[in-house]
Structure formats: structure tokens, C-alpha cells
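What follows is one structure encoded as C-alpha cells, with my remarks underneath.
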Amino acid sequence: MLHPDRLFSPEPHLRNLARELYGSVAGLPIVSPHGHVDPRLFADPNAAFGSPADLFIIPDHYVTRMLYSQGIPLEKLGVPRADGGPVETDHRQIWRTFCAHFHLFRATPSGFWLRHELSEVFGVDETPSAANADRLYDRISEKLASPEFSPRALFRRFHIEVLATTDAATDTLESHRAIRASGWDGRIIPTFRPDGVVNLDTPGWKGNIERLGAVSGIDVVDYSSFIRALEERRAFFRSMGATATDHAVLIPATAQLSPREADAIFQRALKGQADADDALRFSAHMLMEMARMSIEDGLVMQLHPGSLRNHNRSIYERFGPDKGADIPIQTEYTRNLLPLLNKYGNDSRLTLIVFTLDESTYSRELAPLAGHYPALKLGPPWWFLDSFNGIMRYFERVIETAGLYNTAGFNDDTRAFCSIPARHDLWRRACANWVAGLVARHIVEMDEALEMMQELAVGLARRAYRL
Amino acid sequence: MLHPDRLFSPEPHLRNLARELYGSVAGLPIVSPHGHVDPRLFADPNAAFGSPADLFIIPDHYVTRMLYSQGIPLEKLGVPRADGGPVETDHRQIWRTFCAHFHLFRATPSGFWLRHELSEVFGVDETPSAANADRLYDRISEKLASPEFSPRALFRRFHIEVLATTDAATDTLESHRAIRASGWDGRIIPTFRPDGVVNLDTPGWKGNIERLGAVSGIDVVDYSSFIRALEERRAFFRSMGATATDHAVLIPATAQLSPREADAIFQRALKGQADADDALRFSAHMLMEMARMSIEDGLVMQLHPGSLRNHNRSIYERFGPDKGADIPIQTEYTRNLLPLLNKYGNDSRLTLIVFTLDESTYSRELAPLAGHYPALKLGPPWWFLDSFNGIMRYFERVIETAGLYNTAGFNDDTRAFCSIPARHDLWRRACANWVAGLVARHIVEMDEALEMMQELAVGLARRAYRL
Amino acid sequence: MLHPDRLFSPEPHLRNLARELYGSVAGLPIVSPHGHVDPRLFADPNAAFGSPADLFIIPDHYVTRMLYSQGIPLEKLGVPRADGGPVETDHRQIWRTFCAHFHLFRATPSGFWLRHELSEVFGVDETPSAANADRLYDRISEKLASPEFSPRALFRRFHIEVLATTDAATDTLESHRAIRASGWDGRIIPTFRPDGVVNLDTPGWKGNIERLGAVSGIDVVDYSSFIRALEERRAFFRSMGATATDHAVLIPATAQLSPREADAIFQRALKGQADADDALRFSAHMLMEMARMSIEDGLVMQLHPGSLRNHNRSIYERFGPDKGADIPIQTEYTRNLLPLLNKYGNDSRLTLIVFTLDESTYSRELAPLAGHYPALKLGPPWWFLDSFNGIMRYFERVIETAGLYNTAGFNDDTRAFCSIPARHDLWRRACANWVAGLVARHIVEMDEALEMMQELAVGLARRAYRL
């Protein structure tokens, strides 16, 4: 089912070049500097993935949203309800629903990844359908029950050099500690994500602040103790192997407040009196503070703006966040990042990796910014844009202005552990396809092309993330 | 003149695949669920198209705008003036002007369509020019005078399965009645377009409301009688075969008003006291109401936002609307559609087909929305974007995220009846070219590709429009 | 090093077509209607380019920004500081730094241009590197010292038919006078750029107004004398060969003020009391006035909006403007240009050439506008978008709607004189590649394609700029 030339241009000369370029990186280890895999999978040596529905369907909002868009209720897919109400519990039945609708994934990256996982991880080379659903279910279930399919075993088999998770600033990183304590040598590192404490309008912010005080041992009573607590947590994350932070905002505004202003807002927030404007200004200020801390402690800073979370209120109320209902909005970088870049963007000690869901900003804003400021790097195509055409558009719009060396390689950004090799494979194939075009048009020589492939596969990510 | 491989990739393997895929749908009937052909052409069995200038030039703003942009006055093209003032009446002279400037249409979809019509409908395989203008005029005139070139005869020859027109809510659908009464069996159905009564700032709104009262038999004196009258008209349109409604707005804002608020605005409007904000809020509210009614009566809802009509005031004053001077503006969907999608978007009884003239929204907003909400489908590339490159961009930006099955197939959206086969041919060729690339890159198998072609040519449109 | 088929599609049929099409224009003269070459290079018959660092690195912000983005200080590249502070003066050392980082230009247009200049102008066919830096420096230095490499000699060798410079409204055009006085027959013409006097917020505006009075001989004391002085300058520029004006604005707003309003703002500005809103309204009004004057005197009007200048304040303070830190912003044309186009856009005596740095406006706003208004032409891809992929996107998004004949051919827009042939070569190759695709897909015939190539290479620019 998996054709060795998949995604490559069918033009014979291009295809031969793409084969050679892909071949030069196909065996390299996987560097995964940003993602959402649950570290508990690796903390317990006996952890398992559960049923095929547990692995492929229920937790993967890329899959469930597509089925939902065609009228299949999330309950029928076994997605747990927030109120604990009844959902389908027969995993074989969920699997059948999925297989009967597999045509919905035609020409989507999910379809590419799913076929890759089925074939490469489970040896299944048939396209799922109503007819073969039960047979596939049995075959995959059997494999999942064997020790060769434990998370740790697959981590090894997938040849993962390093896997970064994403963790709240208030997280005690217990699973990461357990992994270290176990003596297992897979490199799994945390990423510091302080959204829940720096964004005053986060639901449950007050509780998060209390938790921050508890885990840091610093009583957070004002802005200055808040900053100290954050610095303490960053130091702790670094001690656990973290090399990066991550920040999600709706609008990437940045602005420096005076300590007095910052404290006044913080005090209002503690009293439950902060308004929307307070929250916006405080978030904008905290991005500045995070850049300052990054210059001091060396943690790479990632910024993911532009997703309007939980667009579908009834889905959010019934099933919670991350159910495929986060929808991008237009995003502005040139003016929003100006204060931060003016203050810290000329300092090479800072690495700020910026992502976007708004492709109109590639050639207009992000490539010109990344092609100027020493601190700025452009992250890979993100989320909906992590696809063959999305990657090709990224290269075609970004590289001519930003240059390859102001980009940050690849992130798989996934919570679906078994899709990691598939996602890196799609990236490497798309890279080979793009670079083959450069060689064929005599824009770069073959020796340059081979160097570029190494950078794209592992070099840029290792350097950008200081791994 | 018409090459059998036109629009296909010249790469031999891709071209062969495209040929096969195109061949599998070339003979299928035409499903035309949205357009602007005048139904009077079919009401009278003896209707004729007039001169070559009547058919190809005078009423087609795609053609006249391009000639106008190069300094040819619309008067010289015979476009009637609003004040009845003198314009060129020698149709042969108009035709000569057109032919002498045919090079302006190089590499445009109008050029593709015109050549297709000339060749396939009239057997003219020469490129029009000053030199052959008179000869072509005579040849086409002769054909147009024969019964084989009557609208009904061409409807049959074009193999049209169904043709939807667009009709004001106040229209009595006389031509549609006459078609039915005549016993002719061509399927021509109306589409309910209430813009003139739901948008309070329409010129002549008050008169439209009076007409609405007259045709519905319901005295429209307040918001509640207004709603009842609309419901009556929708029922009437359905009884005449309509399966869809159509809504044009500048900004696709949606918002629910209370009945009291809605009535207060409506009363102000009746007194001529509604302001711009009233109009905006009322339109936003009426989109919500139209979605509610669609859930109740099953009419598919179409939304066409983002065109700033009559940008060129002097052209509007001299010649009226639809003269090629409608210019798109940036359009926002994620926030604007949120109220409507939250209220009705999870209900599979609703089909809302959304169009755009702003391609930056394809990957950023529309594909993520269509890939989540069960009620939402994405309409085909519209107006300026209905072109080979426009269609390729649509597939490349939309399908990876939305999936093919959340799109609505093709609309020709034309008032130029004889261009309908050309437009569907361009679409089917572009589809074959796109799907051939998926097969050649091993993204889909050939059996999947053939199924996709059937969907693109007829299946998606039939289902989306409930035909 | 320079492959004869560079940039062409590798598909054999397309490549053959591209070769033929490119071959038909490769020998045509260069028409350069917009750029920033210093006319002093040609005023003095003994002028020279200096060292390889002077020629390739120090003044070219395309080159220095990329090196700076990777952490190389501008001082190390010999870029002069505003305060005259110390920078690297060893040009061989600067050249070494450049060569050691030449990989940064992989797959960028700068890389393409640099290789072209090295090979075609200096006979250097090696990729610069740390290893060959000294050798290349010596070789190029030797050539630069010979009379065959004087600016006038290269002007002839480059086969430049006409070269337009860009000059402030207050410029006395001394170099242009000297060129004429010298009897040398190279055609170098000025372009009238009044930004410094029409934009009230220009640093040093008051001084510019005084200079305007001095050079025009008209005492500028109010709005009406200001207008008379501008008209005098335009007449002077025309007498020196100018055929065009150029206008840079952040936002392309246009609006007609009454003479009284205009004068009130002008008076406030003279007293140093104009505010930001005054400046915005005055600039919008002056674009209207410039269009009026263009209709009267026949100067073609160019509009370059959307670049936020001097984004990086510390670079600006340390090194001044034009150091690679101008970053585009989103730009709106449909509503902003409406007043100007309504007043003057139907008048064929006006040619308004509009540029953009925001590609999302190509298909949405600019192509529909250019495909309607007789006065409007679309300029070529500008600045960051003047690249192989940028040009391909331009053709694919613009031509289907605007038509080829509403575009303005090519501008090199460069201050790097020796890169002019490289930039026109990249354009002509990209054109050949695009037109080859049209022929191969049977969208245009070969005879049409050859005509289009002539237009793209020289015809459109000559006509649009009235050269």
C-alpha cells in the first residue's frame, strides 16, 4: 500500500532526485522538539496503548472532527463527555464506524498518517473499510497486546533521539521524574508552558496561581513574587532537561509595562477584578518578561498565536477543549511583535520561534522579520498547515526571503505517539520533493541540496532548540 | 483549435492519468445548482438569442469589463445606458471591436470559455481577430437563426440535468410557471433570494416590502407579518421546485436579535428611519432566521459575501449594476459566523454553503470550519476565482483540512447560457488535473480517484443541493 | 556554474518550450523604468565602483540583512554608522565574511543574482566560500580597476535602453544635467518623488519645504503656492526626461479635501502644529492632486504602499534608513483607492501603476480593479516578491482576472547597478517558464506566446511608462 515514491513529483528526473535526497535522510533519528504526547506512557514500563480505538480514534481530534463534520456524533466515537454521560463503549463498534468512513480522509494528511501507521507500525496494507473492519481490529488488537508494542519499545523502534512534551508551569513533572528514576534511557524532556498563569482570563487562573505558589515554594502575593515563582519553575524545568518554553495567545501583542502597572493589574486579578483589557495588556507584558528570562536562562521561546479556541460552545460544554473546534483567525505580526523585537530581537542569546495559522503572513510579515532579526526563527507549518501542500507553500513563500537558516526545522506537534514517524516521514518526503525542484531548476547544486536535507531533517531543529 | 488535452499537465504520466479521469466524467450530465440565466429564454418555445453581440458581448460583464479596462467605452459595446441615451446599435460593429481585441483575453478563463463556445457550439475553430470578424459574424448569425440554436434545443444538446435560476423573494416566477405549463420537460428550478427585502438599505426597500405583501397575500405591517410573508414565499418557491436560497451580504455577520428588537428596527425601517447600524444588525439577524427556516423547510442556504458592489459610481449611474465594477474586500468568517454556527451548525438538517472571494480565508478559516461543523459545506471557487489556477488553489488549500466531502461540487454561476458547458468542462478538466496529481504522487489509488471524479462532476452538487 | 536552463521546468517538453520562449527575448535591450541607482555613477566619466565589498556587500541591504539575521553585526560588514563610529574598513575582511556565509543565500533571489553577476560580469564560476574568498577578491578587484568595468562601460555592455532613477522633488538633478552636458548618450532619466514634501510627518519636512521654495523659485507660504511649486518641479523633471512620478505611503488612502481644508492643514504644518490625522488626510489628498497633475502633464503615477519603514529602531538610530528593517503590513486597496479611482480612474490619460507587498490582495483586490479601471495598471512583484516563486505567484493570481495587458512589465527597483542584468534575466526566465506552461496546457498558441514574451520583456514597460 505504501508506495516508495509517495509524494514525490512523478516527473522522472525530479522523482529520481527526490528519491536520492530522501534516501539521504530516511534513516536519520527523529528529533521531536515540540509535541503533546503524554509522558505517563513512558513513566510506567508496563504502560500500553489500549484498543485500536484508543490508539487511532478516541483521543485524536484530527480524526474525530472529520467524522463529526459528516454528522457522526462524538458520543458514537467514544469521546468522553464532560459530565460523564453515556458514550459508545464498544471499541470494536467505534472502529467499524471509523473504517466505514475512511474515504473521508482521502487526500488529507490524516489519511496519509493513518495509512503510514497501519502499514509501517502494524503491517496492515489494506485500506480500511466496512468490509475489513473486524479483521483489522483483531489483527491490531493482537499486536497491541504484545510487549513489542509497548510505548517504550516503539520509542526505540521509531528511532527517536529526543521527544519534548508540553507541560503546565505548575506541573510537578512527576512522569518525567519517574522516567529518569526508572533508569530507562529514552530522552523525554519537558517544555515550560505558563499560559495558565500568565493569561489572567484562563478559567481557574486563581487556582493556578495557588498551585504555582505551592509547587515553587514561593508565596505568590504580588507581581514580584509571581515573577520569582516563574523563574523558580523555569529553573526546575531546566533541571529536568527542558530547553524551551511555549506560549499560546490569540493575538501576539507585546508591550512593556512598568513594574508598578504590572503589579496593579496583578493585584486586581488576585481580587477577581481584572477586566479584558487588563488581561490583554498583562499577557502582552508577560511575553516581554518571558523573552527577558529566556535571554537570562537560555530557554528557547516558542509563540503559537491565532487560534480561536472552543469556537463551538456546545461541543466545549459537552466534551471539553481540544475537540477539533479551534478555528484560526487573521493574525498580525509586524506591529504586534515590534516592541518585543525592538527590545530583545537584536540579541543573539534569544531564540524566539514563531508559528502561524495565517499563511498570508508568510511572505508579507514573517519571512521579512525572520530575514532581519537575529533572535527570530520561523517555526514549521503548524496544525492544519502540517500537510504536503502546506509544507510546499511554506517553502515557496518563506525561504526566498527568510533563507533556510532562519527556520527551525520540523515539529510533529502531536498527541498521537504512533503518528510521529508518519509525520516526520511526510515532512522529509516533502522536503526532498522541494529540494529536488531546486536542483532540477539549477537553483542549488546537489552537494548543497544534500546539506540542506540534513538541516531540514535534524540540524535546524537541534540547533534552534539547543538540543 | 480545442486541443483534447487542454489544461492537463504536459508531463506524460500525469497527462495520461488526467485523460482517463476526465474521460470518466466528460459524458455526465450537467448539474447547475446556482446561476443567473434568465428563465424567459425557456418559457417561450420560440425564444432566440439574438445576434452574436447579444450572445457573447453585450450582457456579459466578464467580457465588457476587460474591453473597458483597455479604454473601450461601454457605449461602443452596445451596453444600454440607464437613461436610454445613445449607444452603438450596429451589432456587427460591436462584434468587430470585440474580435480586434481578442488578445486581451489571453490566459483568462473568459478566453477559455469563449473559444470553447465558438468551437463546440458554433463550430468556429479560428481565433477571432480584426481580419476574420465579419466572416465569423455571418457564420454565427446564420446558426443562431436556426431552430437547432434555440435555448430549449441547446438545453437538450448541452445535456443539462437541472438548471437553477436566481429569483427575488417577490418574484411571481411567471416564467417558471410558463415552462411547467408548456409541458416542456427541461428541469429549470428557481432559487429564493430575499436580499431586496431583508437588507433594509437596498434601494427601493419599501417598494419591495409592498410587493412582498402583494405576492404573499400577507399584509406586511410588522416584523411578525414580515416573517410570515417570507415563510409563505419560501413555501411557494419550494412548490415551484426550489431546493435552495441565496444570500449576498458585504460582511457575513450573524447575530440573534430578540423579536422585540427585530420589530423595533423593522418599524423604524417602515417609517424610513432605519440607520446603517440598524441595517447591519437586521441583516445579521435575518441570516439567523433564514437558517432557522432552512432547518424547518429543508431549503439549502447559500451565502455569498465580500463583494463591494458598484465600486465605480459613474459606471453605476450611467449603466446600472453588474457592469464589472464589483470589487472584493477582505472577509472574516471565524468570528462573523460564530453565532449562527453555534446556534444551528451542529444540526445536520441544515446545509449552509459558504462562498468567498478572499482566498486567504481558504486554509485559515473556511476549511477548518467546514472540517468541523456538520451543517457547513464550502462552495466552489466563485466569480474571479472560477478559473484554472483558482480551482487548483482551491483544491490545494481546502481539501487537506476540510476533506473533499465537505465541499459542494461546482456552480457555473453564469448569466451566459452558452458558456455553461464551457465552464463545467473547465471545472472537470481542472479536477482531472488535480486528481491525476494525487494518483501520481500515490496519495489516492485509481479506484478512489474515479469515485472522487464522479463526486466532483455531479455527486457533491446533487447531494449538497438536495437535487 | 550558470546552467543555460536555470529556473526552467525540468519536464522535457516544458523545458524545450521555455528555452525557445526565453531565447526569443534574451537579446532584447533592458528597459528599467524604476530603480534607485545613483546617477553620479554616470555623471563622472571616470567614476568607479570601488572594491568588491563596495560593489557587492556594503550598500546592498538585501545582502547585509541576511548576514545580520544570522548574528553578524553590520559593523563587521563595513556598513557606515550614522555617528561616524568605527566599522570594519578592511574590505578584504568584509569579503571573507560574506564568502564564508554564502550558504545563507541558498534558494534566495539574492543568491541567484549574485551568482549571475559573478559569472556574467566577472567571469567567476565558483561558489564563494571561505576557501576561495581571497582568490575571488583579487580577481574581481583587478577587473574593477580596468576601464571596461567603469559604470558607463557596463551600461553599454548591459545593453540598457533606458534607466530611470528616483529623485526627491527638491533635487536639482545635477548629475542628470552633468550626464547630458557630457555628451554621453546613455539614456538615464529622473523620476519625480515628492514624499518628502507631501507627507507632513517626514522628518525634516519644514526644511524640505524651504528647499522646495528655493529650487522652484516659488515662495511656499500656503497651500496654493505649494501646489504651484510642485507643478513647477514636475515641469522641470519632465524637461529633464522624466516620464513618471513615484509615491511611497504606508496606507494607500485617497481623499479629496476642499482647498480651504488643505490650506488649513498646510498652515498648521508650517507652524509645526499638524498632528497625525492631519498628515494622513493631507497625504490622502495629495495623491488625488498628483493624479490630477498626471492627467494634465502626462507623467505616469506609481504608488508603493505597505512598508513599515525602520521597524528596528536601534538599527535605524545606529545606521539610518534602508538597512533591511522595513517590514510589510497588510494593505487594503478596494476602499482606499475608491475616491481616487472614482474621480480619475475612468480617464485614459492617467496611468496609475500600483504595487503591493501583500500578495493576498493580488486576486482579491488588485486584479479585479486593474481588470476594470482604464487608468489602473498593476506593477510587477516588488521587493521581497521579486523572486522566482514570487513572480510565478503573481502570474497565477493576477493574469486570469486582470489580463496581461493591464500589467506594467518589469521593474528591477535596485540600487545595485551590476545586479540589473541578473534581475531582468530572472524575470525573463520566469516569464518563459510561465508562458511555456500556458502553451503546454494549450491555453495559448505559440504565436500568441511569442507576442506575450515581447510584451513581458520590453513592450508592457515601454508603453506603461510612456518611454
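Each chain in the C-alpha cells gets a letter, A, B and so on, in the order shown; residues start at 1 in every chain, and ligands are counted from 1 in the order they appear.
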Excluding same-chain residues fewer than 4 positions from C:Asp90, what lies within 10 Å of it counting only C-alpha atoms, as a count of residues only? 6
Residues of chain A within 6 Å of chain C: nearest atom pair and distance (Å, one decimal) for each, counting only C-alpha atoms, sorted by chain and number, as a Markdown table?
| residue | atom | partner | partner_atom | distance |
| --- | --- | --- | --- | --- |
| A:Asn342 | CA | C:Asn312 | CA | 5.7 |
| A:Arg364 | CA | C:Asp358 | CA | 5.6 |
| A:Glu365 | CA | C:Pro328 | CA | 5.9 |
| A:Gly371 | CA | C:Ser69 | CA | 5.5 |
| A:His372 | CA | C:Ser69 | CA | 4.5 |
| A:Tyr373 | CA | C:Ser69 | CA | 5.0 |
| A:Pro374 | CA | C:Ser69 | CA | 4.2 |
| A:Glu400 | CA | C:Thr108 | CA | 4.1 |
| A:Ala440 | CA | C:Pro10 | CA | 5.8 |
| A:Arg441 | CA | C:Leu7 | CA | 4.5 |
| A:His442 | CA | C:Arg6 | CA | 4.9 |
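Taking only stretch 240-299 of chain C, the residues that DSSP calls strand (DSSP E or B) from the backbone come to Ala244, Thr245, Asp246, His247, Ala248 and Val249 of chain C.
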Distance atom CA of A:Ala133-atom CA of A:Glu117, one decimal place? 15.8 Å
Mind giving me the straight-line distance from atom CA of B:Arg228 to atom CA of B:Leu200 in Å, one decimal? 17.4 Å
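Across the structure, atom CA of A:Ala367 and atom CA of A:Arg397 are spaced 7.9 Å apart.
For B:Phe355, the set of protein, DNA and RNA residues having any atom at most 10 Å away, when counting only C-alpha atoms and skipping those fewer than 4 positions along the same chain, is Ala248, Gln302, Leu303, His304, Pro305, Gly306, Tyr362, Leu366, Lys377, Leu378, Gly379, Pro380, Pro381, Trp382 and Trp383 of chain B.
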For those residues, write N, CA and C atoms to a file as a PDB file, in the first residue's frame.
ATOM      1  N   ALA B 248     -26.711  37.395  -0.454  1.00  0.00           N
ATOM      2  CA  ALA B 248     -25.500  38.174  -0.713  1.00  0.00           C
ATOM      3  C   ALA B 248     -25.393  39.259   0.351  1.00  0.00           C
ATOM      4  N   GLN B 302     -27.411  29.343   0.866  1.00  0.00           N
ATOM      5  CA  GLN B 302     -26.136  29.766   0.271  1.00  0.00           C
ATOM      6  C   GLN B 302     -25.782  31.171   0.726  1.00  0.00           C
ATOM      7  N   LEU B 303     -24.513  31.385   1.017  1.00  0.00           N
ATOM      8  CA  LEU B 303     -24.066  32.699   1.486  1.00  0.00           C
ATOM      9  C   LEU B 303     -22.898  33.188   0.631  1.00  0.00           C
ATOM     10  N   HIS B 304     -23.091  34.331  -0.017  1.00  0.00           N
ATOM     11  CA  HIS B 304     -22.086  34.920  -0.924  1.00  0.00           C
ATOM     12  C   HIS B 304     -21.646  36.281  -0.397  1.00  0.00           C
ATOM     13  N   PRO B 305     -20.650  36.345   0.454  1.00  0.00           N
ATOM     14  CA  PRO B 305     -20.248  37.650   0.987  1.00  0.00           C
ATOM     15  C   PRO B 305     -19.016  38.232   0.296  1.00  0.00           C
ATOM     16  N   GLY B 306     -18.740  39.482   0.611  1.00  0.00           N
ATOM     17  CA  GLY B 306     -17.423  40.036   0.328  1.00  0.00           C
ATOM     18  C   GLY B 306     -17.256  40.807  -0.955  1.00  0.00           C
ATOM     19  N   TYR B 362      -9.330  30.520   2.778  1.00  0.00           N
ATOM     20  CA  TYR B 362      -9.498  29.091   2.470  1.00  0.00           C
ATOM     21  C   TYR B 362      -8.876  28.216   3.558  1.00  0.00           C
ATOM     22  N   LEU B 366     -12.116  28.891   6.404  1.00  0.00           N
ATOM     23  CA  LEU B 366     -13.229  28.124   5.839  1.00  0.00           C
ATOM     24  C   LEU B 366     -12.992  26.623   5.891  1.00  0.00           C
ATOM     25  N   LYS B 377     -20.894  23.501   4.436  1.00  0.00           N
ATOM     26  CA  LYS B 377     -20.185  22.999   3.254  1.00  0.00           C
ATOM     27  C   LYS B 377     -19.530  24.195   2.583  1.00  0.00           C
ATOM     28  N   LEU B 378     -18.428  23.930   1.887  1.00  0.00           N
ATOM     29  CA  LEU B 378     -17.724  25.006   1.200  1.00  0.00           C
ATOM     30  C   LEU B 378     -18.096  24.991  -0.278  1.00  0.00           C
ATOM     31  N   GLY B 379     -18.579  26.130  -0.759  1.00  0.00           N
ATOM     32  CA  GLY B 379     -18.915  26.252  -2.180  1.00  0.00           C
ATOM     33  C   GLY B 379     -17.666  26.296  -3.031  1.00  0.00           C
ATOM     34  N   PRO B 380     -17.818  26.090  -4.353  1.00  0.00           N
ATOM     35  CA  PRO B 380     -16.659  26.083  -5.263  1.00  0.00           C
ATOM     36  C   PRO B 380     -16.074  27.492  -5.426  1.00  0.00           C
ATOM     37  N   PRO B 381     -14.892  27.582  -6.064  1.00  0.00           N
ATOM     38  CA  PRO B 381     -14.285  28.891  -6.316  1.00  0.00           C
ATOM     39  C   PRO B 381     -15.259  29.771  -7.100  1.00  0.00           C
ATOM     40  N   TRP B 382     -15.408  30.977  -6.666  1.00  0.00           N
ATOM     41  CA  TRP B 382     -16.503  31.843  -7.098  1.00  0.00           C
ATOM     42  C   TRP B 382     -15.995  33.028  -7.902  1.00  0.00           C
ATOM     43  N   TRP B 383     -16.706  33.310  -9.012  1.00  0.00           N
ATOM     44  CA  TRP B 383     -16.531  34.562  -9.757  1.00  0.00           C
ATOM     45  C   TRP B 383     -15.104  34.683 -10.308  1.00  0.00           C
TER      46      TRP B 383
END
